[in-house]
file model.cif (mmCIF, C-alpha atoms and all ligand atoms)
data_final
#
loop_
_atom_site.label_atom_id
_atom_site.label_comp_id
_atom_site.auth_asym_id
_atom_site.auth_seq_id
_atom_site.Cartn_x
_atom_site.Cartn_y
_atom_site.Cartn_z
CA MET A 1 22.37 -1.02 11.51
CA LYS A 2 19.06 -2.87 11.52
CA LYS A 3 15.98 -0.64 11.28
CA GLU A 4 13.79 -0.57 14.35
CA PHE A 5 10.02 -0.82 13.91
CA ALA A 6 7.12 -0.94 16.33
CA VAL A 7 3.79 -2.36 15.20
CA ILE A 8 0.73 -1.60 17.31
CA GLY A 9 -2.27 -3.92 16.88
CA LEU A 10 -1.63 -7.54 15.94
CA GLY A 11 -4.74 -8.42 13.90
CA ARG A 12 -4.37 -9.91 10.42
CA PHE A 13 -3.01 -6.64 8.99
CA GLY A 14 -0.56 -5.74 11.77
CA GLY A 15 0.43 -9.38 12.14
CA SER A 16 1.39 -9.74 8.50
CA ILE A 17 3.46 -6.53 8.71
CA VAL A 18 5.36 -7.92 11.70
CA ARG A 19 6.05 -11.23 9.90
CA GLU A 20 7.25 -9.54 6.72
CA LEU A 21 9.48 -7.01 8.51
CA ILE A 22 11.12 -9.84 10.45
CA LYS A 23 11.52 -11.85 7.25
CA GLN A 24 13.27 -8.84 5.70
CA GLY A 25 15.68 -8.67 8.62
CA ALA A 26 14.29 -5.74 10.64
CA ASN A 27 13.90 -5.51 14.42
CA VAL A 28 10.25 -5.35 15.45
CA LEU A 29 8.54 -4.55 18.71
CA ALA A 30 5.02 -6.03 18.44
CA ILE A 31 2.40 -4.45 20.73
CA ASP A 32 -1.19 -5.43 21.52
CA LYS A 33 -3.40 -4.80 24.51
CA ASP A 34 -4.78 -8.32 24.15
CA ALA A 35 -2.46 -10.78 25.93
CA GLU A 36 -3.45 -13.74 23.73
CA ARG A 37 -2.75 -11.81 20.53
CA ALA A 38 0.60 -10.64 21.89
CA ASP A 39 1.48 -14.20 22.97
CA ASP A 40 1.11 -15.43 19.40
CA PHE A 41 4.08 -13.21 18.43
CA MET A 42 6.49 -14.28 21.20
CA ASP A 43 8.43 -16.53 18.81
CA ILE A 44 8.08 -14.21 15.82
CA ALA A 45 8.82 -10.60 16.82
CA THR A 46 12.09 -9.33 18.28
CA GLN A 47 10.20 -8.07 21.34
CA VAL A 48 6.57 -8.26 22.39
CA ALA A 49 4.61 -6.00 24.73
CA ILE A 50 1.11 -6.28 26.14
CA ALA A 51 0.07 -2.65 26.41
CA ASP A 52 -2.72 -0.16 25.78
CA THR A 53 -1.07 2.42 23.54
CA THR A 54 -3.63 5.15 24.24
CA ASP A 55 -1.74 5.68 27.49
CA GLU A 56 1.18 8.08 26.99
CA ALA A 57 3.06 6.82 30.07
CA VAL A 58 2.91 3.26 28.69
CA LEU A 59 4.31 4.38 25.32
CA LYS A 60 7.12 6.24 27.05
CA SER A 61 8.00 3.28 29.25
CA LEU A 62 8.26 1.07 26.14
CA GLY A 63 10.74 3.53 24.63
CA VAL A 64 8.65 3.81 21.46
CA ARG A 65 10.15 7.24 20.77
CA ASN A 66 13.44 5.65 19.79
CA PHE A 67 12.01 3.54 16.98
CA ASP A 68 12.60 4.55 13.34
CA HIS A 69 9.03 3.89 12.28
CA VAL A 70 5.82 3.07 14.15
CA ILE A 71 2.90 1.41 12.38
CA VAL A 72 -0.54 1.72 13.96
CA ALA A 73 -2.58 -1.24 12.78
CA ILE A 74 -5.59 -0.74 15.04
CA GLY A 75 -8.53 -0.78 12.67
CA GLU A 76 -11.95 -1.17 14.18
CA ASN A 77 -11.46 0.93 17.27
CA ILE A 78 -11.11 4.31 15.56
CA GLN A 79 -10.90 6.19 18.86
CA SER A 80 -7.93 4.08 20.01
CA SER A 81 -6.24 4.50 16.64
CA ILE A 82 -6.59 8.31 16.77
CA LEU A 83 -5.55 8.57 20.41
CA THR A 84 -2.52 6.34 19.83
CA THR A 85 -1.45 8.45 16.86
CA ILE A 86 -1.75 11.67 18.90
CA MET A 87 0.35 10.14 21.69
CA LEU A 88 3.01 8.99 19.21
CA LYS A 89 3.16 12.51 17.74
CA GLU A 90 3.40 14.01 21.20
CA ILE A 91 6.32 11.86 22.27
CA GLY A 92 8.09 12.78 19.01
CA VAL A 93 8.17 9.55 16.96
CA ASP A 94 9.99 10.11 13.64
CA LYS A 95 7.69 8.32 11.23
CA ILE A 96 4.12 7.15 11.81
CA THR A 97 2.04 5.04 9.41
CA VAL A 98 -1.59 4.41 10.33
CA LYS A 99 -4.29 2.13 8.95
CA ALA A 100 -7.53 4.01 8.27
CA GLN A 101 -10.93 2.40 8.51
CA ASN A 102 -12.74 4.96 6.32
CA ASP A 103 -12.28 8.38 4.68
CA TYR A 104 -13.25 10.37 7.80
CA HIS A 105 -10.80 8.41 9.88
CA ALA A 106 -8.11 9.07 7.23
CA LYS A 107 -8.82 12.81 7.26
CA VAL A 108 -8.45 13.02 11.03
CA LEU A 109 -5.23 10.98 10.95
CA THR A 110 -3.71 13.31 8.36
CA LYS A 111 -4.79 16.37 10.38
CA ILE A 112 -3.16 15.11 13.57
CA GLY A 113 0.12 14.48 11.75
CA ALA A 114 0.27 10.84 10.63
CA ASP A 115 3.05 10.68 8.01
CA LYS A 116 1.30 8.03 5.97
CA VAL A 117 -2.29 6.82 6.02
CA VAL A 118 -3.10 3.49 4.39
CA HIS A 119 -6.46 1.94 3.43
CA PRO A 120 -5.67 -1.76 2.88
CA GLU A 121 -9.26 -3.01 2.55
CA ARG A 122 -10.35 -0.19 0.24
CA ASP A 123 -7.22 -0.45 -1.92
CA MET A 124 -7.48 -4.21 -2.22
CA GLY A 125 -11.18 -3.80 -3.12
CA ILE A 126 -10.27 -1.37 -5.92
CA ARG A 127 -7.55 -3.70 -7.24
CA ILE A 128 -9.85 -6.71 -7.25
CA ALA A 129 -12.65 -4.72 -8.94
CA HIS A 130 -10.36 -3.68 -11.80
CA ASN A 131 -9.16 -7.24 -12.21
CA ALA A 132 -12.79 -8.48 -12.16
CA LEU A 133 -13.81 -5.93 -14.82
CA SER A 134 -11.08 -7.12 -17.14
CA ASN A 135 -8.97 -10.24 -16.80
CA ASN A 136 -6.20 -8.36 -18.57
CA VAL A 137 -5.78 -5.89 -15.70
CA LEU A 138 -3.29 -7.64 -13.45
CA ASP A 139 -2.83 -4.96 -10.85
CA TYR A 140 -4.02 -1.47 -10.02
CA LEU A 141 -2.35 0.87 -7.58
CA GLU A 142 -3.73 4.24 -6.50
CA LEU A 143 -1.02 6.94 -6.32
CA SER A 144 -3.30 9.79 -5.26
CA ASP A 145 -6.97 10.76 -5.52
CA GLU A 146 -6.44 11.34 -9.24
CA TYR A 147 -3.55 9.19 -10.45
CA SER A 148 -2.92 5.45 -10.57
CA ILE A 149 -0.58 2.82 -11.93
CA MET A 150 -2.03 -0.14 -13.82
CA GLU A 151 -0.44 -3.37 -14.98
CA ILE A 152 -2.08 -4.97 -18.00
CA GLN A 153 -1.49 -7.98 -20.16
CA ALA A 154 -0.78 -6.71 -23.69
CA THR A 155 -2.88 -9.44 -25.46
CA LYS A 156 -3.10 -9.89 -29.22
CA LYS A 157 -4.80 -6.48 -29.57
CA LEU A 158 -1.60 -4.62 -28.69
CA GLY A 159 0.99 -7.26 -29.63
CA GLY A 160 3.13 -6.57 -32.71
CA TYR A 161 2.80 -2.78 -32.49
CA SER A 162 5.53 -0.33 -31.53
CA LEU A 163 4.90 2.29 -28.84
CA THR A 164 4.85 4.99 -31.55
CA GLU A 165 2.21 3.09 -33.50
CA LEU A 166 0.02 2.63 -30.44
CA ASP A 167 0.58 6.26 -29.38
CA ILE A 168 -1.10 5.66 -26.03
CA ARG A 169 0.29 8.94 -24.65
CA ALA A 170 -1.39 11.12 -27.28
CA LYS A 171 -4.59 9.09 -27.51
CA PHE A 172 -5.17 8.41 -23.82
CA GLY A 173 -2.76 10.63 -21.86
CA LEU A 174 -1.10 7.51 -20.40
CA ASN A 175 2.60 6.77 -20.10
CA ILE A 176 4.10 3.29 -20.35
CA VAL A 177 6.73 3.43 -17.62
CA ALA A 178 7.92 -0.16 -17.85
CA ILE A 179 7.36 -3.44 -19.64
CA ARG A 180 7.73 -6.86 -18.06
CA ARG A 181 8.83 -9.56 -20.49
CA GLY A 182 9.39 -12.92 -18.86
CA GLY A 183 11.68 -12.26 -15.91
CA GLU A 184 13.06 -9.06 -17.43
CA ILE A 185 11.91 -5.49 -16.78
CA ILE A 186 12.42 -2.82 -19.43
CA VAL A 187 12.22 0.58 -17.76
CA SER A 188 11.14 3.62 -19.85
CA PRO A 189 10.92 1.70 -23.15
CA GLN A 190 11.88 3.64 -26.30
CA ALA A 191 9.34 4.77 -28.89
CA ASP A 192 10.35 2.06 -31.38
CA PHE A 193 9.96 -0.73 -28.81
CA SER A 194 7.81 -3.49 -30.28
CA ILE A 195 5.26 -5.04 -27.96
CA ASP A 196 4.76 -8.79 -27.72
CA HIS A 197 1.27 -10.10 -26.90
CA GLU A 198 2.63 -11.75 -23.75
CA ASP A 199 4.24 -8.54 -22.42
CA ILE A 200 2.93 -6.90 -19.29
CA LEU A 201 2.64 -3.12 -19.61
CA VAL A 202 2.96 -0.84 -16.59
CA LEU A 203 0.98 2.33 -17.26
CA ILE A 204 0.68 5.54 -15.28
CA GLY A 205 -1.98 8.22 -15.71
CA SER A 206 -5.13 9.83 -14.37
CA ASP A 207 -7.98 7.54 -13.26
CA LYS A 208 -10.19 9.12 -15.93
CA ASP A 209 -7.71 8.29 -18.72
CA ILE A 210 -7.05 4.79 -17.36
CA SER A 211 -10.78 4.10 -17.30
CA ARG A 212 -11.12 5.31 -20.93
CA PHE A 213 -8.23 3.05 -21.94
CA GLU A 214 -9.74 0.06 -20.09
CA LYS A 215 -13.08 0.49 -21.86
CA ARG A 216 -11.71 1.09 -25.36
CA ILE A 217 -8.63 -1.07 -25.53
CA ILE A 218 -8.38 -3.92 -23.14
CA ASN A 219 -11.86 -5.33 -22.62
P1 LIG A 301 -7.50 -7.00 11.24
O1 LIG A 301 -8.56 -6.50 10.31
O2 LIG A 301 -6.15 -6.48 10.95
O3 LIG A 301 -7.52 -8.49 11.40
P2 LIG A 301 -8.96 -6.98 13.71
O4 LIG A 301 -10.30 -6.74 13.12
O5 LIG A 301 -8.62 -8.35 14.19
O6 LIG A 301 -7.83 -6.44 12.69
P3 LIG A 301 -8.78 -4.47 15.02
O7 LIG A 301 -9.94 -4.01 15.81
O8 LIG A 301 -8.54 -3.84 13.71
O9 LIG A 301 -8.81 -6.05 14.95
O10 LIG A 301 -7.50 -4.30 15.96
C1 LIG A 301 -6.30 -4.90 15.68
C2 LIG A 301 -5.60 -5.19 17.01
O11 LIG A 301 -5.37 -3.96 17.68
C3 LIG A 301 -6.38 -6.09 17.96
O12 LIG A 301 -5.61 -7.24 18.27
C4 LIG A 301 -6.58 -5.23 19.20
O13 LIG A 301 -6.44 -5.95 20.42
C5 LIG A 301 -5.47 -4.20 19.07
N1 LIG A 301 -5.76 -2.94 19.75
C6 LIG A 301 -6.93 -2.23 19.71
N2 LIG A 301 -6.83 -1.12 20.49
C7 LIG A 301 -5.58 -1.15 21.04
C8 LIG A 301 -4.88 -0.29 21.95
N3 LIG A 301 -5.45 0.81 22.44
N4 LIG A 301 -3.61 -0.62 22.29
C9 LIG A 301 -3.03 -1.73 21.80
N5 LIG A 301 -3.64 -2.58 20.97
C10 LIG A 301 -4.89 -2.31 20.58
#
call {"tool": "encode", "arguments": {"input": "model.cif", "output": "structure tokens", "more": "lines below"}}
Ligand code: ATP
result
Amino acid sequence: MKKEFAVIGLGRFGGSIVRELIKQGANVLAIDKDAERADDFMDIATQVAIADTTDEAVLKSLGVRNFDHVIVAIGENIQSSILTTIMLKEIGVDKITVKAQNDYHAKVLTKIGADKVVHPERDMGIRIAHNALSNNVLDYLELSDEYSIMEIQATKKLGGYSLTELDIRAKFGLNIVAIRRGGEIIVSPQADFSIDHEDILVLIGSDKDISRFEKRIIN
């Protein structure tokens, strides 16, 4: 059966979620209190509703409780985002993901029971900063306050060495979890795996260790 999603707030963030979910074959109810915004999704979403989601009765009448996953993509209006999340919790929605505008907003959302809190602008800022610091850092993904995943281009500095020779785990506390070579992905490469300068390494570790590695090895 197709998964049922509801996306509340159809700005750039919520709008791109709706488009991608539809592209991936899901059913999506797209909701915005602004009629013009909602209208833009008439031909895109499975269903569209013009509604203020801070009103519990409105949420109930839309049957939002029956959806597998509700995504709250209201950013700027923090009060509306918090109130909507409380209402969704109260009516018993299974899974709620909410976009946070800042750290205080995120804290409140977690306290009131959001299952997942995302910070798209902050996360994209961090990723771009790491890429700007070193052209060899292709991507950077925060896993928690302390741990991240980084994708780096091996370059000539690391090319030709085996994982044992580089010994990144002992020297930097980082684990190479995968290597991308052309279209292929080698998951958990063995110790004797020899790195090519064009390989892309996927590393996992603490932010402190990643930063040490970035400064010493890849700049
Ligand atoms: P983005 O950064 O994603 O482009 P934005 O800056 O355009 O977002 P936001 O203020 O983050 O706009 O809000 C996203 C959408 O959420 C807007 O279209 C707005 O009308 C809608 N929205 C705000 N409050 C509510 C609410 N209480 N109920 C339903 N929709 C709402």
call {"tool": "residues_around", "arguments": {"input": "model.cif", "residues": "A:Ser206", "least_positions_apart": "2", "cutoff": "6 Å", "atoms": "only C-alpha atoms", "output": "compact mmCIF listing (two decimals) with C-alpha atoms, in the frame of the given file"}}
result
# COMPACT_ATOMS: atom_id res chain seq x y z
CA GLU A 146 -6.44 11.34 -9.24
CA TYR A 147 -3.55 9.19 -10.45
CA LYS A 208 -10.19 9.12 -15.93
CA ASP A 209 -7.71 8.29 -18.72
call {"tool": "residues_around", "arguments": {"input": "model.cif", "residues": "A:Arg180", "least_positions_apart": "4", "cutoff": "8 Å", "atoms": "all atoms listed in the file", "output": "list in words"}}
result
Glu184, Ile185, Ile186, Asp199, Ile200, Leu201 and Val202 of chain A
call {"tool": "residues_near_ligand", "arguments": {"input": "model.cif", "ligand": "ligand LIG 301 (chain A)", "cutoff": "6 Å", "atoms": "all atoms listed in the file", "output": "PyMOL selection string"}}
result
chain A and resi 8-14+32-34+37+51-54+73-77+80
call {"tool": "atom_distance", "arguments": {"input": "model.cif", "atom1": "atom CA of A:Arg212", "atom2": "atom CA of A:Ile152"}}
result
14.0 Å
call {"tool": "residues_around", "arguments": {"input": "model.cif", "residues": "A:Ala38", "least_positions_apart": "6", "cutoff": "7 Å", "atoms": "all atoms listed in the file", "output": "list in words"}}
result
Ile31, Asp32, Val48, Ala49 and Ile50 of chain A
call {"tool": "write_last_selection", "arguments": {"input": "model.cif", "atoms": "C-alpha atoms", "output": "PDB file, keeping the file's coordinate frame"}}
result
ATOM      1  CA  ILE A  31       2.400  -4.450  20.730  1.00  0.00           C
ATOM      2  CA  ASP A  32      -1.190  -5.430  21.520  1.00  0.00           C
ATOM      3  CA  VAL A  48       6.570  -8.260  22.390  1.00  0.00           C
ATOM      4  CA  ALA A  49       4.610  -6.000  24.730  1.00  0.00           C
ATOM      5  CA  ILE A  50       1.110  -6.280  26.140  1.00  0.00           C
TER       6      ILE A  50
END
call {"tool": "residues_around", "arguments": {"input": "model.cif", "residues": "A:Asp115", "least_positions_apart": "4", "cutoff": "8 Å", "atoms": "all atoms listed in the file", "output": "list in words"}}
result
Lys95, Ile96, Thr97 and Thr110 of chain A
call {"tool": "residues_around", "arguments": {"input": "model.cif", "residues": "stretch 157-162 of chain A", "least_positions_apart": "2", "cutoff": "9 Å", "atoms": "all atoms listed in the file", "output": "list of chain:residue names"}}
result
A:Ala154, A:Thr155, A:Thr164, A:Glu165, A:Leu166, A:Asp167, A:Ala191, A:Asp192, A:Phe193, A:Ser194, A:Ile195, A:Asp196, A:His197, A:Glu198, A:Asp199, A:Ile217, A:Ile218
call {"tool": "residues_near_point", "arguments": {"input": "model.cif", "point": "(1.0, 9.9, -4.7)", "cutoff": "12 Å", "atoms": "only C-alpha atoms", "output": "PyMOL selection string"}}
result
chain A and resi 116-118+141-149+204-206
call {"tool": "write_last_selection", "arguments": {"input": "model.cif", "atoms": "C-alpha atoms", "output": "mmCIF file, in the frame of the given file"}}
result
data_model
loop_
_atom_site.group_PDB
_atom_site.id
_atom_site.type_symbol
_atom_site.label_atom_id
_atom_site.label_comp_id
_atom_site.auth_asym_id
_atom_site.auth_seq_id
_atom_site.Cartn_x
_atom_site.Cartn_y
_atom_site.Cartn_z
ATOM 1 C CA LYS A 116 1.300 8.030 5.970
ATOM 2 C CA VAL A 117 -2.290 6.820 6.020
ATOM 3 C CA VAL A 118 -3.100 3.490 4.390
ATOM 4 C CA LEU A 141 -2.350 0.870 -7.580
ATOM 5 C CA GLU A 142 -3.730 4.240 -6.500
ATOM 6 C CA LEU A 143 -1.020 6.940 -6.320
ATOM 7 C CA SER A 144 -3.300 9.790 -5.260
ATOM 8 C CA ASP A 145 -6.970 10.760 -5.520
ATOM 9 C CA GLU A 146 -6.440 11.340 -9.240
ATOM 10 C CA TYR A 147 -3.550 9.190 -10.450
ATOM 11 C CA SER A 148 -2.920 5.450 -10.570
ATOM 12 C CA ILE A 149 -0.580 2.820 -11.930
ATOM 13 C CA ILE A 204 0.680 5.540 -15.280
ATOM 14 C CA GLY A 205 -1.980 8.220 -15.710
ATOM 15 C CA SER A 206 -5.130 9.830 -14.370
#
call {"tool": "closest_residue", "arguments": {"input": "model.cif", "among": "A:Glu56, A:Val108, A:Asp43, A:Ser61", "to": "A:Met87", "atoms": "all atoms listed in the file"}}
result
A:Glu56
call {"tool": "atom_distance", "arguments": {"input": "model.cif", "atom1": "atom CA of A:Glu4", "atom2": "atom CA of A:Leu109"}}
result
22.5 Å
call {"tool": "atom_distance", "arguments": {"input": "model.cif", "atom1": "atom CA of A:Ala6", "atom2": "atom CA of A:Ile44"}}
result
13.3 Å
call {"tool": "closest_residue", "arguments": {"input": "model.cif", "among": "A:Lys99, A:Thr85, A:Asn135, A:Val93", "to": "A:Asp123", "atoms": "only C-alpha atoms"}}
result
A:Lys99
call {"tool": "closest_residue", "arguments": {"input": "model.cif", "among": "A:Asn131, A:Thr84, A:Thr46, A:Asn27", "to": "A:Leu59", "atoms": "only C-alpha atoms"}}
result
A:Thr84
call {"tool": "residues_near_point", "arguments": {"input": "model.cif", "point": "(19.5, -5.8, 21.2)", "cutoff": "12 Å", "atoms": "only C-alpha atoms", "output": "list in words"}}
result
Met1, Lys2, Lys3, Glu4, Ala26, Asn27, Val28, Leu29, Thr46 and Gln47 of chain A
call {"tool": "closest_residue", "arguments": {"input": "model.cif", "among": "A:Asn66, A:Gln79, A:Ser188, A:Gln153", "to": "A:Asp139", "atoms": "only C-alpha atoms"}}
result
A:Gln153
call {"tool": "closest_residue", "arguments": {"input": "model.cif", "among": "A:Ile91, A:Gln101, A:His119, A:Phe41", "to": "A:Leu62", "atoms": "all atoms listed in the file"}}
result
A:Ile91
call {"tool": "closest_residue", "arguments": {"input": "model.cif", "among": "A:Asp207, A:Glu121, A:Glu36, A:Asp94", "to": "A:Tyr140", "atoms": "only C-alpha atoms"}}
result
A:Asp207
call {"tool": "axis_aligned_box", "arguments": {"input": "model.cif", "around": "stretch 59-74 of chain A", "padding_each_side": "5 Å", "output": "AutoDock Vina command-line options"}}
result
--center_x 3.9 --center_y 3.0 --center_z 20.8 --size_x 29.0 --size_y 18.5 --size_z 27.0
